[in-house]
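Undergrad: Got a structure for you, structure-v4.cif, holding mmCIF, C-alpha atoms.
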```cif
data_coords
loop_
_atom_site.group_PDB
_atom_site.id
_atom_site.type_symbol
_atom_site.label_atom_id
_atom_site.label_comp_id
_atom_site.auth_asym_id
_atom_site.auth_seq_id
_atom_site.Cartn_x
_atom_site.Cartn_y
_atom_site.Cartn_z
ATOM 1 C CA MET A 1 115.101 87.185 64.673
ATOM 2 C CA SER A 2 111.701 88.163 66.088
ATOM 3 C CA ASN A 3 111.136 84.547 67.176
ATOM 4 C CA TRP A 4 114.293 84.761 69.261
ATOM 5 C CA PHE A 5 112.950 87.868 71.033
ATOM 6 C CA GLU A 6 109.580 86.209 71.598
ATOM 7 C CA ARG A 7 111.243 83.154 73.115
ATOM 8 C CA LYS A 8 113.354 85.335 75.390
ATOM 9 C CA ALA A 9 110.255 87.273 76.436
ATOM 10 C CA ASP A 10 108.419 84.013 77.159
ATOM 11 C CA ASN A 11 111.335 82.784 79.241
ATOM 12 C CA TRP A 12 111.587 86.060 81.131
ATOM 13 C CA VAL A 13 107.925 86.934 81.664
ATOM 14 C CA GLY A 14 106.198 83.610 81.132
ATOM 15 C CA THR A 15 102.796 82.757 79.798
ATOM 16 C CA ALA A 16 100.196 85.182 78.515
ATOM 17 C CA GLU A 17 98.411 85.018 81.877
ATOM 18 C CA LYS A 18 101.581 86.104 83.671
ATOM 19 C CA LYS A 19 102.024 88.945 81.191
ATOM 20 C CA MET A 20 98.473 90.154 81.810
ATOM 21 C CA ARG A 21 98.927 89.872 85.583
ATOM 22 C CA LEU A 22 102.125 91.908 85.328
ATOM 23 C CA LEU A 23 100.314 94.501 83.232
ATOM 24 C CA GLN A 24 97.514 94.664 85.806
ATOM 25 C CA TRP A 25 100.018 95.278 88.600
ATOM 26 C CA LEU A 26 101.771 97.968 86.577
ATOM 27 C CA VAL A 27 98.459 99.738 85.933
ATOM 28 C CA TYR A 28 97.523 99.409 89.617
ATOM 29 C CA ILE A 29 100.822 100.895 90.799
ATOM 30 C CA THR A 30 100.608 103.678 88.218
ATOM 31 C CA ASN A 31 97.101 104.561 89.385
ATOM 32 C CA LEU A 32 98.286 104.710 92.984
ATOM 33 C CA TYR A 33 101.072 107.099 92.013
ATOM 34 C CA ILE A 34 98.632 109.281 90.076
ATOM 35 C CA ILE A 35 96.193 109.447 93.002
ATOM 36 C CA PHE A 36 99.025 110.215 95.420
ATOM 37 C CA GLY A 37 100.289 112.923 93.052
ATOM 38 C CA ILE A 38 96.855 114.536 92.913
ATOM 39 C CA PHE A 39 96.697 114.668 96.717
ATOM 40 C CA VAL A 40 100.186 116.169 96.879
ATOM 41 C CA LEU A 41 99.255 118.759 94.256
ATOM 42 C CA ILE A 42 96.116 119.706 96.183
ATOM 43 C CA TRP A 43 98.160 120.012 99.375
ATOM 44 C CA ILE A 44 100.769 122.194 97.658
ATOM 45 C CA LEU A 45 98.155 124.478 96.118
ATOM 46 C CA TYR A 46 95.629 124.654 98.980
ATOM 47 C CA GLY A 47 97.529 123.508 102.075
ATOM 48 C CA LYS A 48 97.310 126.837 103.876
ATOM 49 C CA TYR A 49 93.562 127.050 103.314
ATOM 50 C CA ILE A 50 93.035 123.462 104.461
ATOM 51 C CA ILE A 51 94.957 124.121 107.681
ATOM 52 C CA ARG A 52 93.037 127.345 108.295
ATOM 53 C CA ALA A 53 89.698 125.639 107.690
ATOM 54 C CA TRP A 54 90.648 122.781 110.028
ATOM 55 C CA GLU A 55 91.627 125.215 112.772
ATOM 56 C CA TYR A 56 88.393 127.161 112.273
ATOM 57 C CA TYR A 57 86.194 124.066 112.485
ATOM 58 C CA THR A 58 87.987 122.514 115.474
ATOM 59 C CA GLN A 59 87.732 125.589 117.731
#
```
How does the structure come out when it is put into structure tokens?

TA:
Amino acid sequence: MSNWFERKADNWVGTAEKKMRLLQWLVYITNLYIIFGIFVLIWILYGKYIIRAWEYYTQ
């Protein structure tokens, strides 16, 4: 039965190169979400201080 699943996976995803390319894209997208999440977390925690510092330095 495992051969059936492997054949279906090969038909759906393709060759090993396509699988690795898909994995690379998934890692890339995940990293982008993590970086975006870190910036959002910094803004939530320190947004008031960032705005105050910007206003202080631009006067």

Undergrad: Hey, can I get the axis-aligned box for stretch 32-40 of chain A? All listed atoms, 5 Å padding on each side, centre and edge lengths in Å to one decimal, as AutoDock Vina command-line options.

TA:
```
--center_x 98.6 --center_y 110.4 --center_z 93.5 --size_x 14.9 --size_y 21.5 --size_z 16.8
```

Undergrad: For a test of reading the model, state the distance in Å between atom CA of A:Trp54 and atom CA of A:Ile38, rounded to one decimal.

TA: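 So the two atoms, atom CA of A:Trp54 and atom CA of A:Ile38, lie 20.0 Å apart.
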
Undergrad: Go ahead and compute the interatomic distance for atom CA of A:Ala16 and atom CA of A:Asn31, in Å to one decimal.

TA: 22.4 Å

Undergrad: Which value, in Å to one decimal, gives the distance between atom CA of A:Leu41 and atom CA of A:Tyr28?

TA: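 Separation of atom CA of A:Leu41 and atom CA of A:Tyr28: 20.0 Å.
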
Undergrad: Save stretch 23-55 of chain A of the structure in the block above to a file, with N, CA, C and O atoms included, as a PDB file, in the first residue's frame.

TA:
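Here's the written file out27.pdb:
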```pdb
ATOM      1  N   LEU A  23       9.687  22.522  -1.086  1.00  0.00           N
ATOM      2  CA  LEU A  23      10.135  22.667   0.301  1.00  0.00           C
ATOM      3  C   LEU A  23      10.870  23.983   0.495  1.00  0.00           C
ATOM      4  O   LEU A  23      10.667  24.669   1.503  1.00  0.00           O
ATOM      5  N   GLN A  24      11.704  24.370  -0.463  1.00  0.00           N
ATOM      6  CA  GLN A  24      12.408  25.647  -0.370  1.00  0.00           C
ATOM      7  C   GLN A  24      11.428  26.810  -0.333  1.00  0.00           C
ATOM      8  O   GLN A  24      11.598  27.741   0.460  1.00  0.00           O
ATOM      9  N   TRP A  25      10.402  26.776  -1.170  1.00  0.00           N
ATOM     10  CA  TRP A  25       9.411  27.850  -1.158  1.00  0.00           C
ATOM     11  C   TRP A  25       8.642  27.888   0.152  1.00  0.00           C
ATOM     12  O   TRP A  25       8.335  28.965   0.677  1.00  0.00           O
ATOM     13  N   LEU A  26       8.319  26.720   0.690  1.00  0.00           N
ATOM     14  CA  LEU A  26       7.603  26.685   1.968  1.00  0.00           C
ATOM     15  C   LEU A  26       8.458  27.269   3.087  1.00  0.00           C
ATOM     16  O   LEU A  26       7.957  28.022   3.940  1.00  0.00           O
ATOM     17  N   VAL A  27       9.738  26.944   3.099  1.00  0.00           N
ATOM     18  CA  VAL A  27      10.644  27.501   4.114  1.00  0.00           C
ATOM     19  C   VAL A  27      10.769  29.008   3.926  1.00  0.00           C
ATOM     20  O   VAL A  27      10.757  29.771   4.899  1.00  0.00           O
ATOM     21  N   TYR A  28      10.882  29.464   2.680  1.00  0.00           N
ATOM     22  CA  TYR A  28      11.000  30.885   2.389  1.00  0.00           C
ATOM     23  C   TYR A  28       9.767  31.650   2.878  1.00  0.00           C
ATOM     24  O   TYR A  28       9.889  32.685   3.542  1.00  0.00           O
ATOM     25  N   ILE A  29       8.589  31.140   2.566  1.00  0.00           N
ATOM     26  CA  ILE A  29       7.354  31.803   2.986  1.00  0.00           C
ATOM     27  C   ILE A  29       7.227  31.790   4.504  1.00  0.00           C
ATOM     28  O   ILE A  29       6.820  32.785   5.119  1.00  0.00           O
ATOM     29  N   THR A  30       7.592  30.675   5.129  1.00  0.00           N
ATOM     30  CA  THR A  30       7.537  30.598   6.586  1.00  0.00           C
ATOM     31  C   THR A  30       8.479  31.615   7.220  1.00  0.00           C
ATOM     32  O   THR A  30       8.117  32.281   8.203  1.00  0.00           O
ATOM     33  N   ASN A  31       9.677  31.756   6.669  1.00  0.00           N
ATOM     34  CA  ASN A  31      10.613  32.743   7.202  1.00  0.00           C
ATOM     35  C   ASN A  31      10.074  34.154   7.054  1.00  0.00           C
ATOM     36  O   ASN A  31      10.251  34.985   7.968  1.00  0.00           O
ATOM     37  N   LEU A  32       9.425  34.447   5.938  1.00  0.00           N
ATOM     38  CA  LEU A  32       8.842  35.776   5.772  1.00  0.00           C
ATOM     39  C   LEU A  32       7.768  36.048   6.822  1.00  0.00           C
ATOM     40  O   LEU A  32       7.692  37.143   7.383  1.00  0.00           O
ATOM     41  N   TYR A  33       6.934  35.042   7.086  1.00  0.00           N
ATOM     42  CA  TYR A  33       5.904  35.217   8.111  1.00  0.00           C
ATOM     43  C   TYR A  33       6.519  35.405   9.485  1.00  0.00           C
ATOM     44  O   TYR A  33       6.032  36.206  10.286  1.00  0.00           O
ATOM     45  N   ILE A  34       7.587  34.698   9.782  1.00  0.00           N
ATOM     46  CA  ILE A  34       8.243  34.841  11.086  1.00  0.00           C
ATOM     47  C   ILE A  34       8.839  36.235  11.228  1.00  0.00           C
ATOM     48  O   ILE A  34       8.669  36.897  12.264  1.00  0.00           O
ATOM     49  N   ILE A  35       9.523  36.720  10.186  1.00  0.00           N
ATOM     50  CA  ILE A  35      10.106  38.060  10.244  1.00  0.00           C
ATOM     51  C   ILE A  35       9.014  39.116  10.380  1.00  0.00           C
ATOM     52  O   ILE A  35       9.123  40.051  11.187  1.00  0.00           O
ATOM     53  N   PHE A  36       7.948  38.972   9.610  1.00  0.00           N
ATOM     54  CA  PHE A  36       6.828  39.913   9.723  1.00  0.00           C
ATOM     55  C   PHE A  36       6.227  39.874  11.123  1.00  0.00           C
ATOM     56  O   PHE A  36       5.911  40.916  11.702  1.00  0.00           O
ATOM     57  N   GLY A  37       6.086  38.686  11.693  1.00  0.00           N
ATOM     58  CA  GLY A  37       5.549  38.551  13.046  1.00  0.00           C
ATOM     59  C   GLY A  37       6.430  39.218  14.085  1.00  0.00           C
ATOM     60  O   GLY A  37       5.930  39.816  15.046  1.00  0.00           O
ATOM     61  N   ILE A  38       7.738  39.133  13.910  1.00  0.00           N
ATOM     62  CA  ILE A  38       8.651  39.788  14.853  1.00  0.00           C
ATOM     63  C   ILE A  38       8.476  41.299  14.787  1.00  0.00           C
ATOM     64  O   ILE A  38       8.424  41.981  15.821  1.00  0.00           O
ATOM     65  N   PHE A  39       8.374  41.847  13.556  1.00  0.00           N
ATOM     66  CA  PHE A  39       8.156  43.288  13.434  1.00  0.00           C
ATOM     67  C   PHE A  39       6.829  43.710  14.045  1.00  0.00           C
ATOM     68  O   PHE A  39       6.744  44.755  14.704  1.00  0.00           O
ATOM     69  N   VAL A  40       5.799  42.934  13.851  1.00  0.00           N
ATOM     70  CA  VAL A  40       4.490  43.254  14.445  1.00  0.00           C
ATOM     71  C   VAL A  40       4.574  43.199  15.967  1.00  0.00           C
ATOM     72  O   VAL A  40       4.041  44.069  16.659  1.00  0.00           O
ATOM     73  N   LEU A  41       5.261  42.198  16.496  1.00  0.00           N
ATOM     74  CA  LEU A  41       5.408  42.093  17.947  1.00  0.00           C
ATOM     75  C   LEU A  41       6.176  43.275  18.510  1.00  0.00           C
ATOM     76  O   LEU A  41       5.796  43.835  19.554  1.00  0.00           O
ATOM     77  N   ILE A  42       7.241  43.691  17.829  1.00  0.00           N
ATOM     78  CA  ILE A  42       7.991  44.865  18.281  1.00  0.00           C
ATOM     79  C   ILE A  42       7.103  46.102  18.242  1.00  0.00           C
ATOM     80  O   ILE A  42       7.128  46.925  19.170  1.00  0.00           O
ATOM     81  N   TRP A  43       6.307  46.239  17.181  1.00  0.00           N
ATOM     82  CA  TRP A  43       5.426  47.406  17.089  1.00  0.00           C
ATOM     83  C   TRP A  43       4.376  47.393  18.191  1.00  0.00           C
ATOM     84  O   TRP A  43       4.057  48.435  18.768  1.00  0.00           O
ATOM     85  N   ILE A  44       3.830  46.222  18.504  1.00  0.00           N
ATOM     86  CA  ILE A  44       2.817  46.137  19.557  1.00  0.00           C
ATOM     87  C   ILE A  44       3.428  46.489  20.914  1.00  0.00           C
ATOM     88  O   ILE A  44       2.832  47.215  21.712  1.00  0.00           O
ATOM     89  N   LEU A  45       4.626  45.971  21.168  1.00  0.00           N
ATOM     90  CA  LEU A  45       5.244  46.195  22.478  1.00  0.00           C
ATOM     91  C   LEU A  45       5.829  47.596  22.623  1.00  0.00           C
ATOM     92  O   LEU A  45       5.748  48.197  23.699  1.00  0.00           O
ATOM     93  N   TYR A  46       6.451  48.129  21.568  1.00  0.00           N
ATOM     94  CA  TYR A  46       7.200  49.379  21.679  1.00  0.00           C
ATOM     95  C   TYR A  46       6.722  50.455  20.718  1.00  0.00           C
ATOM     96  O   TYR A  46       7.458  51.408  20.461  1.00  0.00           O
ATOM     97  N   GLY A  47       5.519  50.344  20.197  1.00  0.00           N
ATOM     98  CA  GLY A  47       5.026  51.308  19.217  1.00  0.00           C
ATOM     99  C   GLY A  47       4.964  52.727  19.737  1.00  0.00           C
ATOM    100  O   GLY A  47       5.357  53.669  19.040  1.00  0.00           O
ATOM    101  N   LYS A  48       4.492  52.901  20.959  1.00  0.00           N
ATOM    102  CA  LYS A  48       4.403  54.248  21.529  1.00  0.00           C
ATOM    103  C   LYS A  48       5.776  54.884  21.646  1.00  0.00           C
ATOM    104  O   LYS A  48       5.956  56.060  21.335  1.00  0.00           O
ATOM    105  N   TYR A  49       6.758  54.108  22.082  1.00  0.00           N
ATOM    106  CA  TYR A  49       8.107  54.636  22.260  1.00  0.00           C
ATOM    107  C   TYR A  49       8.758  54.956  20.911  1.00  0.00           C
ATOM    108  O   TYR A  49       9.490  55.933  20.791  1.00  0.00           O
ATOM    109  N   ILE A  50       8.468  54.146  19.906  1.00  0.00           N
ATOM    110  CA  ILE A  50       9.012  54.404  18.573  1.00  0.00           C
ATOM    111  C   ILE A  50       8.439  55.704  18.015  1.00  0.00           C
ATOM    112  O   ILE A  50       9.174  56.532  17.455  1.00  0.00           O
ATOM    113  N   ILE A  51       7.138  55.904  18.188  1.00  0.00           N
ATOM    114  CA  ILE A  51       6.504  57.133  17.700  1.00  0.00           C
ATOM    115  C   ILE A  51       7.054  58.345  18.441  1.00  0.00           C
ATOM    116  O   ILE A  51       7.372  59.375  17.832  1.00  0.00           O
ATOM    117  N   ARG A  52       7.193  58.224  19.765  1.00  0.00           N
ATOM    118  CA  ARG A  52       7.748  59.335  20.540  1.00  0.00           C
ATOM    119  C   ARG A  52       9.173  59.653  20.129  1.00  0.00           C
ATOM    120  O   ARG A  52       9.547  60.825  19.987  1.00  0.00           O
ATOM    121  N   ALA A  53       9.979  58.636  19.925  1.00  0.00           N
ATOM    122  CA  ALA A  53      11.373  58.860  19.511  1.00  0.00           C
ATOM    123  C   ALA A  53      11.415  59.502  18.130  1.00  0.00           C
ATOM    124  O   ALA A  53      12.227  60.397  17.881  1.00  0.00           O
ATOM    125  N   TRP A  54      10.561  59.070  17.219  1.00  0.00           N
ATOM    126  CA  TRP A  54      10.527  59.659  15.880  1.00  0.00           C
ATOM    127  C   TRP A  54      10.141  61.127  15.944  1.00  0.00           C
ATOM    128  O   TRP A  54      10.732  61.967  15.263  1.00  0.00           O
ATOM    129  N   GLU A  55       9.136  61.448  16.752  1.00  0.00           N
ATOM    130  CA  GLU A  55       8.726  62.844  16.893  1.00  0.00           C
ATOM    131  C   GLU A  55       9.826  63.681  17.521  1.00  0.00           C
ATOM    132  O   GLU A  55      10.053  64.827  17.129  1.00  0.00           O
TER     133      GLU A  55
END
```
